[in-house]
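> Below is one structure. I have some questions about it.
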Amino acid sequence: MPLGTTLDRYILHRQNAFAFATGELSQLLRDIALAGKIVHREVNRAGLIDLTGDMGLQNVQGEAQQKLDVIADIRFRRALTNGGEVCALISEEEEGIIFTGNNKGKYVVAIDPLDGSSNIDVNVSIGTIFSIYRRVTPVGSEPTLDDFMQGGHEQVAAGYILFGSSTMLVYTTGHSVNGFTYDTSVGEFILSHPNIKTPQNGAIYSYNDGNLNAYAEPVQRYLAACRERQYSARYIGSLVADFHRNLLKGGIYLYPPTAKNPNGKLRLLYECYPLAFIAGITGCLAVNDTEAILNIKPTSLHQRTPLYIGAPAMVEELMGYLV
Ligand code: AHG
Ligand code: MN
Ligand code: MN
Ligand code: MN
């Protein structure tokens, strides 16, 4: 499809390429895009209408929920419920499964509604990350935990929205990864980054330097090698934004384990799996200390994993230090 194609037309084109496609996944993707536009609006006027700051509540992760964490959670939940294709979802902001009541819906969604919430109040890039599965429980029945415990390889689609200097939706249904930039003047996501591929190697490294002394010694040695070569250190503190930059320019993102947080910080189902799915199609590698992210067996909704993700040559070099 040519540059400038709208997201809706692109989704329809992809649907028509599959003789048996029923259009349900297409509708689901359109629902996510719609919620993305609404969150874009809220993010852009947050400083004007008292949407910055925290709610005074904690989420299941023990984090102080920001107002926009809660608003984004509500907006995506509402769009996916009203859309009708999703029977249940899980969210970073909710402890258990959220039942939409659409038991005829064939899909479940895992979502980080607002990623990088420490950056909201200071007008720095934030995002949304999502992962879509076809349910394994019978259509018409109540969805269960099994629908969410399928493993990363079973994702049928995954993506993210980046609320940056422009708003972008990047997603895949498993074939290619495509990026759409939101044109506010027409209210449409427009194809701007077709078939994204990452460079084989890169010279950007991204991690929270404040944690450096808590990392295992091999990780510290790898980072010292990056510094020795005078690579560029870039860390926004929004996984979506750090991943997106490294994807396009070539780089590695690290969130290693520490003694205090042996599983790192990032959540498997709605942060690491979806980005690892995108990573694989664009040529990036995504691993933790022992295995590929997509191979990790899920055991609980909010489980965490260390994450190393980025240009294949860089991740392979790091893995050489870890063995
Ligand atoms: P979230 O805002 O969805 O809770 O995610 C925060 C994550 C991720 O976006 C980011 O890369 C990481 O936390 C930053 O953590 P540190 O502040 O510990 O570096
Ligand atoms: Mn959070
Ligand atoms: Mn997040
Ligand atoms: Mn979040």
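Each chain in the structure tokens gets a letter, A, B, ..., in the order shown, and its residues are numbered from 1; ligands are numbered from 1 in order too.
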Please, which residues of range 67-163 of chain A, numbered as in this document, come out helix (DSSP H, G or I) from DSSP, as a PyMOL selection string?
chain A and resi 67-83+117-122+145-148+152-154
> Let me see the file: selected residues, C-alpha atoms, as an mmCIF file, in the first residue's frame.

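Contents of the output file again_35.cif:
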```cif
data_model
loop_
_atom_site.group_PDB
_atom_site.id
_atom_site.type_symbol
_atom_site.label_atom_id
_atom_site.label_comp_id
_atom_site.auth_asym_id
_atom_site.auth_seq_id
_atom_site.Cartn_x
_atom_site.Cartn_y
_atom_site.Cartn_z
ATOM 1 C CA LYS A 67 -4.738 10.449 36.426
ATOM 2 C CA LEU A 68 -3.901 9.641 32.826
ATOM 3 C CA ASP A 69 -3.154 5.991 33.729
ATOM 4 C CA VAL A 70 -6.747 5.733 34.900
ATOM 5 C CA ILE A 71 -8.234 7.741 32.032
ATOM 6 C CA ALA A 72 -6.385 5.742 29.379
ATOM 7 C CA ASP A 73 -7.456 2.509 31.094
ATOM 8 C CA ILE A 74 -11.100 3.605 30.996
ATOM 9 C CA ARG A 75 -10.901 4.774 27.362
ATOM 10 C CA PHE A 76 -9.407 1.542 26.032
ATOM 11 C CA ARG A 77 -11.712 -0.616 28.136
ATOM 12 C CA ARG A 78 -14.734 1.305 26.881
ATOM 13 C CA ALA A 79 -13.705 1.171 23.207
ATOM 14 C CA LEU A 80 -12.970 -2.568 23.380
ATOM 15 C CA THR A 81 -16.226 -3.271 25.230
ATOM 16 C CA ASN A 82 -18.360 -1.207 22.863
ATOM 17 C CA GLY A 83 -16.605 -2.669 19.813
ATOM 18 C CA SER A 117 3.554 7.531 33.330
ATOM 19 C CA SER A 118 6.431 9.261 35.148
ATOM 20 C CA ASN A 119 6.768 11.389 32.002
ATOM 21 C CA ILE A 120 3.171 12.659 31.814
ATOM 22 C CA ASP A 121 3.612 15.718 33.987
ATOM 23 C CA VAL A 122 6.727 16.894 32.182
ATOM 24 C CA LEU A 145 -7.240 -17.277 32.626
ATOM 25 C CA ASP A 146 -6.332 -19.840 29.934
ATOM 26 C CA ASP A 147 -7.175 -17.293 27.255
ATOM 27 C CA PHE A 148 -4.367 -15.076 28.569
ATOM 28 C CA GLY A 152 3.878 -14.917 23.268
ATOM 29 C CA HIS A 153 4.041 -17.003 20.101
ATOM 30 C CA GLU A 154 0.246 -17.214 20.030
#
```
> If we count only C-alpha atoms and set the cut-off at 8 Å, which residues sit around Tyr207 in chain A, ignoring sequence neighbours fewer than 6 positions away in its own chain? Please answer as a list in words.
Arg234, Tyr235, Tyr253, Leu254 and Tyr255 of chain A
> Can you list, as a list of chain:residue names, every protein, DNA or RNA residue that comes within 9 Å of Ala88 in chain A when you count only C-alpha atoms, leaving out same-chain residues fewer than 5 positions away?
A:Leu80, A:Thr81, A:Ile97, A:Ile98, A:Phe99, A:Thr100, A:Gly101, A:Asn102, A:Asn103, A:Gly105, A:Tyr107, A:Val108, A:Val109, A:Ala110, A:Glu142, A:Pro143, A:Thr144, A:Asp147
> Create the file for the chosen residues now, containing C-alpha atoms and written as an mmCIF file, in the first residue's frame.

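The resulting file, result_37.cif, is shown below:
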```
data_model
loop_
_atom_site.group_PDB
_atom_site.id
_atom_site.type_symbol
_atom_site.label_atom_id
_atom_site.label_comp_id
_atom_site.auth_asym_id
_atom_site.auth_seq_id
_atom_site.Cartn_x
_atom_site.Cartn_y
_atom_site.Cartn_z
ATOM 1 C CA LEU A 80 -12.970 -2.568 23.380
ATOM 2 C CA THR A 81 -16.226 -3.271 25.230
ATOM 3 C CA ILE A 97 -9.540 -10.217 34.259
ATOM 4 C CA ILE A 98 -11.940 -7.541 32.985
ATOM 5 C CA PHE A 99 -15.008 -9.194 31.474
ATOM 6 C CA THR A 100 -16.631 -7.143 28.731
ATOM 7 C CA GLY A 101 -19.829 -9.181 28.722
ATOM 8 C CA ASN A 102 -19.336 -9.906 24.995
ATOM 9 C CA ASN A 103 -18.956 -13.644 25.390
ATOM 10 C CA GLY A 105 -16.250 -12.028 21.042
ATOM 11 C CA TYR A 107 -10.489 -12.137 21.052
ATOM 12 C CA VAL A 108 -8.800 -11.178 24.314
ATOM 13 C CA VAL A 109 -6.469 -8.206 24.765
ATOM 14 C CA ALA A 110 -3.617 -7.487 27.206
ATOM 15 C CA GLU A 142 -17.145 -17.045 29.957
ATOM 16 C CA PRO A 143 -13.462 -16.368 29.149
ATOM 17 C CA THR A 144 -10.870 -17.690 31.632
ATOM 18 C CA ASP A 147 -7.175 -17.293 27.255
#
```
> Residues near Asn123 in chain A, anyone? I mean within 10 Å using only C-alpha atoms, not counting same-chain ones fewer than 3 positions away, as a list in words.
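The neighbour list is Val43, Asn44, Ala46, Gly47, Thr52, Ser118, Asn119, Ile120, Ile126, Phe163, Gly164 and Ser165 of chain A.
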> Print the selection's residues with C-alpha atoms to a file, as an mmCIF file, in the first residue's frame.

```
data_model
loop_
_atom_site.group_PDB
_atom_site.id
_atom_site.type_symbol
_atom_site.label_atom_id
_atom_site.label_comp_id
_atom_site.auth_asym_id
_atom_site.auth_seq_id
_atom_site.Cartn_x
_atom_site.Cartn_y
_atom_site.Cartn_z
ATOM 1 C CA VAL A 43 -2.746 13.695 26.547
ATOM 2 C CA ASN A 44 -2.512 16.849 24.478
ATOM 3 C CA ALA A 46 -3.701 17.263 30.026
ATOM 4 C CA GLY A 47 -1.863 20.337 31.280
ATOM 5 C CA THR A 52 -1.622 15.785 35.360
ATOM 6 C CA SER A 118 6.431 9.261 35.148
ATOM 7 C CA ASN A 119 6.768 11.389 32.002
ATOM 8 C CA ILE A 120 3.171 12.659 31.814
ATOM 9 C CA ILE A 126 4.457 8.295 26.591
ATOM 10 C CA PHE A 163 2.341 9.935 21.977
ATOM 11 C CA GLY A 164 5.503 11.773 20.999
ATOM 12 C CA SER A 165 6.349 14.811 18.912
#
```
> Could you report the residues within 9 Å of ligand 2, using only C-alpha atoms and all ligand atoms, as number ranges by chain?
A: 59, 61-66, 69, 92-93, 112, 114-118
> What would the file look like if the residues just selected were written as a short mmCIF file (atom, residue, chain, number, x, y, z; two decimals), in the first residue's frame with C-alpha atoms?

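Result file follows (selection.cif):
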```cif
data_model
loop_
_atom_site.label_atom_id
_atom_site.label_comp_id
_atom_site.auth_asym_id
_atom_site.auth_seq_id
_atom_site.Cartn_x
_atom_site.Cartn_y
_atom_site.Cartn_z
CA ASN A 59 -2.42 -0.06 41.26
CA GLN A 61 1.92 -3.15 40.94
CA GLY A 62 2.20 -0.94 44.02
CA GLU A 63 2.69 2.13 41.79
CA ALA A 64 0.99 5.48 42.36
CA GLN A 65 -1.60 5.71 39.58
CA GLN A 66 -1.47 8.88 37.55
CA ASP A 69 -3.15 5.99 33.73
CA GLU A 92 -1.70 -3.03 34.01
CA GLU A 93 -4.13 -0.97 36.05
CA ASP A 112 -0.58 -1.26 29.15
CA LEU A 114 -0.39 4.38 29.54
CA ASP A 115 3.30 3.51 29.40
CA GLY A 116 5.88 5.86 30.87
CA SER A 117 3.55 7.53 33.33
CA SER A 118 6.43 9.26 35.15
#
```
> Go through A:Gln15, A:Asn208, A:Gly310, A:Met168 one by one, measure the shortest atom-to-atom distance of each to Gly251 in chain A using only C-alpha atoms, and give the residue with the smallest value.
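Between A:Gln15, A:Asn208, A:Gly310, A:Met168, the residue approaching Gly251 in chain A most closely is A:Gly310.
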